[in-house]
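Chemist: Pasting in a structure now, in structure tokens, and then I'll have a few things to ask.
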Amino acid sequence: MLETICEVLEDAYKRNWITSRDGNVSIRHHDRDHFYITPSGVRKQTLQPDQFKKIKIVSPTMWEEQFYTDISANLKPSGEIPLHFGLQRALGQHNNDVRVVVHVHPTYCVAAMHAGIDLSTVVKDFPELSRYTRVAKNVPDVPPISQELADQCHKNLWLQKDGTIAFDIVGIKGHGVVAIDTSPWRAYEHIERLEHICKIVLASGITK
Ligand SMILES: [Zn+2]
């Protein structure tokens with residue numbers, strides 16, 4: 001799965017959804033007390049599985065790094081770890097599954113939010129989007145790599161204590177999106193679908 005995450009980020013880079021050092025992904029198996037997250041400041045188009053950071057969930061509010069590989073020992077976890085930690089500690093506990101959280105900066109999603117569009121509202125005109133992807137209300141301008149960004153994303157996704165969420169993807173104004181699913185490519189597809197619709201909406205010139 002870590003290899004697949006590397007492929008997803010390489011593809012996101014090719015699509016201009018991130019510049020070299022942007023974007024972050026985490027993955028957790030429901031029955032494990034740890035998750036893996038991409039390292040900070042590493043070029044994502046050449047990311048390798050042995051560069052991931054292994055993070056133990058110590059308590060609902062505490063995490064700690066665990067040794068994974070010699071290479072990753074010299075790296076730091078993504079600065080967006082509060083976002084990933086809050087989701088990964090709760091998600092999927094009631095389900096025999098894996099959870100993957102993907103954060104990138106897709107051009108048309110960010111452009112649509114910049115133009116004043118709440119991404120949750122584009123769903124109603126495009127049934128092919130709403131059939132497969134539940135889109136949350138935008139998170140307003142919040143500082144990157146902040147607890148505020150994490151809290152607002154969790155709130156708009158309707159993250160509950162039992163690990164359920166009401167949406168598959170949420171946009172952060174002036175920044176990017178966060179998508180969640182049971183595999184890297186499934187999470188990626190939520191982004192791809194929403195990005196495609198945002199491109200169509202912006203091409204139409206009808207933004208209100
Ligand atoms: Zn970002």
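Identifiers in this document derive from the order of the structure tokens: chains are assigned A, B, ..., residues are numbered from 1 separately in each chain, and ligands are numbered from 1 in order of occurrence.
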Counting only C-alpha atoms and all ligand atoms, which protein, DNA or RNA residues come within 6 Å of ligand 1, given as a list of chain:residue names?
Modeler: A:Gly23, A:Val104, A:His175, A:Gly176
Chemist: May I have the residues within 12 Å of segment 115-118 of chain A as a tab-separated table (two decimals) with N, CA and C atoms, in the first residue's frame, using only C-alpha atoms and disregarding those fewer than 6 positions away in the same chain?
Modeler:
chain	number	residue	atom	x	y	z
A	108	TYR	N	-8.33	23.10	-10.09
A	108	TYR	CA	-9.68	23.61	-10.31
A	108	TYR	C	-10.53	23.61	-9.04
A	109	CYS	N	-10.27	22.70	-8.14
A	109	CYS	CA	-10.97	22.73	-6.85
A	109	CYS	C	-10.59	24.01	-6.10
A	124	LYS	N	-25.19	19.14	-6.59
A	124	LYS	CA	-26.61	18.97	-6.96
A	124	LYS	C	-26.85	19.04	-8.48
A	135	VAL	N	-19.57	15.44	-0.91
A	135	VAL	CA	-18.69	16.62	-0.79
A	135	VAL	C	-19.14	17.49	0.38
A	136	ALA	N	-18.21	17.77	1.29
A	136	ALA	CA	-18.51	18.58	2.48
A	136	ALA	C	-18.48	20.07	2.14
A	137	LYS	N	-18.99	20.86	3.05
A	137	LYS	CA	-18.88	22.33	2.92
A	137	LYS	C	-17.41	22.74	3.06
A	138	ASN	N	-17.06	23.81	2.36
A	138	ASN	CA	-15.66	24.30	2.40
A	138	ASN	C	-15.26	24.69	3.82
A	139	VAL	N	-14.00	24.43	4.11
A	139	VAL	CA	-13.37	25.01	5.30
A	139	VAL	C	-12.87	26.39	4.88
A	140	PRO	N	-13.17	27.44	5.67
A	140	PRO	CA	-12.71	28.79	5.27
A	140	PRO	C	-11.20	28.93	5.40
A	141	ASP	N	-10.67	30.11	5.12
A	141	ASP	CA	-9.23	30.35	5.23
A	141	ASP	C	-8.74	30.00	6.64
A	170	VAL	N	-13.34	17.14	1.50
A	170	VAL	CA	-13.60	18.51	1.97
A	170	VAL	C	-12.55	19.43	1.36
A	171	GLY	N	-12.99	20.63	0.96
A	171	GLY	CA	-12.09	21.63	0.41
A	171	GLY	C	-11.70	22.64	1.49
A	172	ILE	N	-10.45	23.11	1.41
A	172	ILE	CA	-9.96	24.16	2.31
A	172	ILE	C	-9.66	25.36	1.43
A	173	LYS	N	-10.37	26.45	1.67
A	173	LYS	CA	-10.26	27.63	0.81
A	173	LYS	C	-8.81	28.14	0.77
A	174	GLY	N	-8.39	28.53	-0.43
A	174	GLY	CA	-7.03	29.06	-0.59
A	174	GLY	C	-5.94	28.02	-0.36
A	194	LEU	N	-14.20	15.38	-8.33
A	194	LEU	CA	-14.54	16.75	-7.95
A	194	LEU	C	-13.75	17.75	-8.79
A	198	CYS	N	-15.31	20.70	-11.11
A	198	CYS	CA	-14.91	22.09	-10.89
A	198	CYS	C	-14.38	22.71	-12.18
A	201	VAL	N	-17.45	23.49	-14.26
A	201	VAL	CA	-18.18	24.65	-13.71
A	201	VAL	C	-17.44	25.95	-14.07
A	202	LEU	N	-16.13	25.96	-13.89
A	202	LEU	CA	-15.36	27.18	-14.19
A	202	LEU	C	-15.36	27.47	-15.68
A	205	GLY	N	-18.36	29.40	-16.83
A	205	GLY	CA	-18.42	30.82	-16.45
A	205	GLY	C	-19.54	31.12	-15.47
A	206	ILE	N	-20.34	30.10	-15.12
A	206	ILE	CA	-21.44	30.31	-14.17
A	206	ILE	C	-20.97	29.85	-12.81
A	207	THR	N	-20.61	30.82	-11.99
A	207	THR	CA	-20.04	30.45	-10.69
A	207	THR	C	-20.98	30.78	-9.54
A	208	LYS	N	-22.14	31.32	-9.83
A	208	LYS	CA	-23.07	31.63	-8.72
A	208	LYS	C	-24.37	30.88	-8.91
Chemist: Name the closest residue to Leu9 of chain A among the candidates A:Thr121, A:Thr61, A:Ser26, A:Thr133; distances are taken between atoms, counting only C-alpha atoms.
Modeler: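 Comparing A:Thr121, A:Thr61, A:Ser26, A:Thr133 against Leu9 of chain A, the winner is A:Ser26.
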Chemist: Apply DSSP to the backbone of this structure and, from segment 19-166 of chain A, keep only the residues in helix (DSSP H, G or I); write these as an MDAnalysis selection string.
Modeler: chainID A and resid 44:46 49:51 70:73 81:90 107:114 119:125 127:130 147:156
Chemist: So which residues touch Ile37 of chain A within 6 Å, counting only C-alpha atoms, skipping near sequence neighbours fewer than 5 positions away, as JSON, numbers by chain?
Modeler: {"A": [25, 26, 52, 53]}
Chemist: Since we have the selection now, will you write its residues out, keeping C-alpha atoms, as a compact mmCIF listing (two decimals), in the first residue's frame?
Modeler:
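Wrote out_23.txt, looks like this:
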# COMPACT_ATOMS: atom_id res chain seq x y z
CA VAL A 25 -1.00 10.97 2.73
CA SER A 26 -1.57 8.67 5.70
CA PHE A 52 7.35 6.99 5.41
CA LYS A 53 7.04 7.82 9.09
Chemist: One number please: atom CA of Phe167 of chain A to atom CA of Arg134 of chain A, in Å, one decimal.
Modeler: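 About the pair atom CA of Phe167 of chain A and atom CA of Arg134 of chain A: they are 4.7 Å apart.
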Chemist: Return the single residue from A:Leu87, A:Pro39, A:Lys54, A:Asn16 that is closest to Lys161 of chain A, with distances computed using only C-alpha atoms.
Modeler: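 Checking each candidate against Lys161 of chain A, we get A:Leu87 as the closest.
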Chemist: Which residues, written as a tab-separated table (two decimals) with N, CA, C and O atoms, in the first residue's frame, have at least one atom at most 9 Å from Val58 of chain A, with only C-alpha atoms counted and residues fewer than 6 positions away on the same chain left out?
Modeler:
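So out17.tsv came out as:
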chain	number	residue	atom	x	y	z
A	33	ASP	N	-2.40	-0.05	16.14
A	33	ASP	CA	-2.34	1.16	16.97
A	33	ASP	C	-1.41	2.21	16.38
A	33	ASP	O	-0.94	3.09	17.07
A	34	HIS	N	-1.09	2.06	15.10
A	34	HIS	CA	-0.22	3.04	14.46
A	34	HIS	C	-0.68	3.29	13.03
A	34	HIS	O	-1.49	2.54	12.49
A	64	GLU	N	3.24	9.41	18.95
A	64	GLU	CA	4.69	9.45	18.99
A	64	GLU	C	5.27	8.70	17.79
A	64	GLU	O	4.68	7.74	17.29
Chemist: Find the residue from A:His196, A:His105, A:Arg186, A:Arg89 that sits nearest to Asp162 of chain A; use only C-alpha atoms when measuring.
Modeler: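 Smallest distance to Asp162 of chain A is found for A:Arg89.
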Chemist: Between A:Gln160, A:Pro60, A:Ser40, A:Arg99, single out the one closest to Asn74 of chain A, counting only C-alpha atoms.
Modeler: A:Ser40
Chemist: To one decimal in Å, tell me the separation between atom CA of Gly163 of chain A and atom CA of Ser183 of chain A.
Modeler: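 Atom CA of Ser183 of chain A lies at a distance of 16.6 Å from atom CA of Gly163 of chain A.
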Chemist: Write out as a PyMOL selection string the set of residues from segment 42-118 of chain A that DSSP, computed on the backbone, places in strand (DSSP E or B).
Modeler: chain A and resi 53-59+62-66+77+98-104
Chemist: Please produce a file of the residues just selected, as a PDB file, in the first residue's frame, where the atoms kept are N, CA and C atoms.
Modeler:
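Okay, part-v4.pdb is ready:
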ATOM      1  N   LYS A  53       6.899   7.776   7.638  1.00  0.00           N
ATOM      2  CA  LYS A  53       7.036   7.819   9.087  1.00  0.00           C
ATOM      3  C   LYS A  53       5.971   6.935   9.715  1.00  0.00           C
ATOM      4  N   LYS A  54       6.384   6.174  10.743  1.00  0.00           N
ATOM      5  CA  LYS A  54       5.447   5.321  11.476  1.00  0.00           C
ATOM      6  C   LYS A  54       5.057   6.047  12.762  1.00  0.00           C
ATOM      7  N   ILE A  55       3.757   6.250  12.946  1.00  0.00           N
ATOM      8  CA  ILE A  55       3.265   7.049  14.070  1.00  0.00           C
ATOM      9  C   ILE A  55       2.363   6.201  14.960  1.00  0.00           C
ATOM     10  N   LYS A  56       2.718   6.088  16.234  1.00  0.00           N
ATOM     11  CA  LYS A  56       1.887   5.329  17.175  1.00  0.00           C
ATOM     12  C   LYS A  56       0.818   6.246  17.781  1.00  0.00           C
ATOM     13  N   ILE A  57      -0.408   5.718  17.852  1.00  0.00           N
ATOM     14  CA  ILE A  57      -1.498   6.459  18.499  1.00  0.00           C
ATOM     15  C   ILE A  57      -1.458   6.094  19.979  1.00  0.00           C
ATOM     16  N   VAL A  58      -0.942   7.012  20.792  1.00  0.00           N
ATOM     17  CA  VAL A  58      -0.726   6.739  22.221  1.00  0.00           C
ATOM     18  C   VAL A  58      -2.023   6.934  22.994  1.00  0.00           C
ATOM     19  N   SER A  59      -2.720   8.009  22.708  1.00  0.00           N
ATOM     20  CA  SER A  59      -3.993   8.310  23.367  1.00  0.00           C
ATOM     21  C   SER A  59      -4.789   9.180  22.393  1.00  0.00           C
ATOM     22  N   MET A  62      -2.545  12.131  21.935  1.00  0.00           N
ATOM     23  CA  MET A  62      -1.079  12.017  21.847  1.00  0.00           C
ATOM     24  C   MET A  62      -0.628  11.003  20.807  1.00  0.00           C
ATOM     25  N   TRP A  63       0.427  11.366  20.096  1.00  0.00           N
ATOM     26  CA  TRP A  63       1.045  10.427  19.166  1.00  0.00           C
ATOM     27  C   TRP A  63       2.549  10.472  19.368  1.00  0.00           C
ATOM     28  N   GLU A  64       3.236   9.410  18.945  1.00  0.00           N
ATOM     29  CA  GLU A  64       4.694   9.448  18.989  1.00  0.00           C
ATOM     30  C   GLU A  64       5.268   8.705  17.788  1.00  0.00           C
ATOM     31  N   GLU A  65       6.428   9.186  17.346  1.00  0.00           N
ATOM     32  CA  GLU A  65       7.096   8.534  16.219  1.00  0.00           C
ATOM     33  C   GLU A  65       7.665   7.200  16.665  1.00  0.00           C
ATOM     34  N   GLN A  66       7.602   6.202  15.793  1.00  0.00           N
ATOM     35  CA  GLN A  66       8.233   4.920  16.055  1.00  0.00           C
ATOM     36  C   GLN A  66       9.256   4.656  14.964  1.00  0.00           C
ATOM     37  N   PRO A  77       7.690  13.868  10.241  1.00  0.00           N
ATOM     38  CA  PRO A  77       6.379  13.617   9.637  1.00  0.00           C
ATOM     39  C   PRO A  77       5.809  14.883   9.009  1.00  0.00           C
ATOM     40  N   VAL A  98      -9.135  -0.645   5.847  1.00  0.00           N
ATOM     41  CA  VAL A  98      -7.992   0.271   5.857  1.00  0.00           C
ATOM     42  C   VAL A  98      -8.564   1.663   5.629  1.00  0.00           C
ATOM     43  N   ARG A  99      -7.906   2.675   6.181  1.00  0.00           N
ATOM     44  CA  ARG A  99      -8.319   4.036   5.873  1.00  0.00           C
ATOM     45  C   ARG A  99      -7.122   4.825   5.346  1.00  0.00           C
ATOM     46  N   VAL A 100      -7.369   5.543   4.249  1.00  0.00           N
ATOM     47  CA  VAL A 100      -6.326   6.358   3.633  1.00  0.00           C
ATOM     48  C   VAL A 100      -6.824   7.804   3.572  1.00  0.00           C
ATOM     49  N   VAL A 101      -5.991   8.728   4.009  1.00  0.00           N
ATOM     50  CA  VAL A 101      -6.310  10.160   3.968  1.00  0.00           C
ATOM     51  C   VAL A 101      -5.321  10.821   3.005  1.00  0.00           C
ATOM     52  N   VAL A 102      -5.855  11.483   1.984  1.00  0.00           N
ATOM     53  CA  VAL A 102      -5.011  12.122   0.965  1.00  0.00           C
ATOM     54  C   VAL A 102      -5.264  13.626   0.969  1.00  0.00           C
ATOM     55  N   HIS A 103      -4.198  14.404   1.085  1.00  0.00           N
ATOM     56  CA  HIS A 103      -4.321  15.868   1.005  1.00  0.00           C
ATOM     57  C   HIS A 103      -3.440  16.389  -0.132  1.00  0.00           C
ATOM     58  N   VAL A 104      -4.070  17.062  -1.102  1.00  0.00           N
ATOM     59  CA  VAL A 104      -3.350  17.675  -2.230  1.00  0.00           C
ATOM     60  C   VAL A 104      -3.990  19.028  -2.564  1.00  0.00           C
TER      61      VAL A 104
END
Chemist: Counting only C-alpha atoms, which of A:Leu159, A:Ile200, A:Leu129, A:Leu47 gets nearest to Tyr13 of chain A?
Modeler: A:Leu47
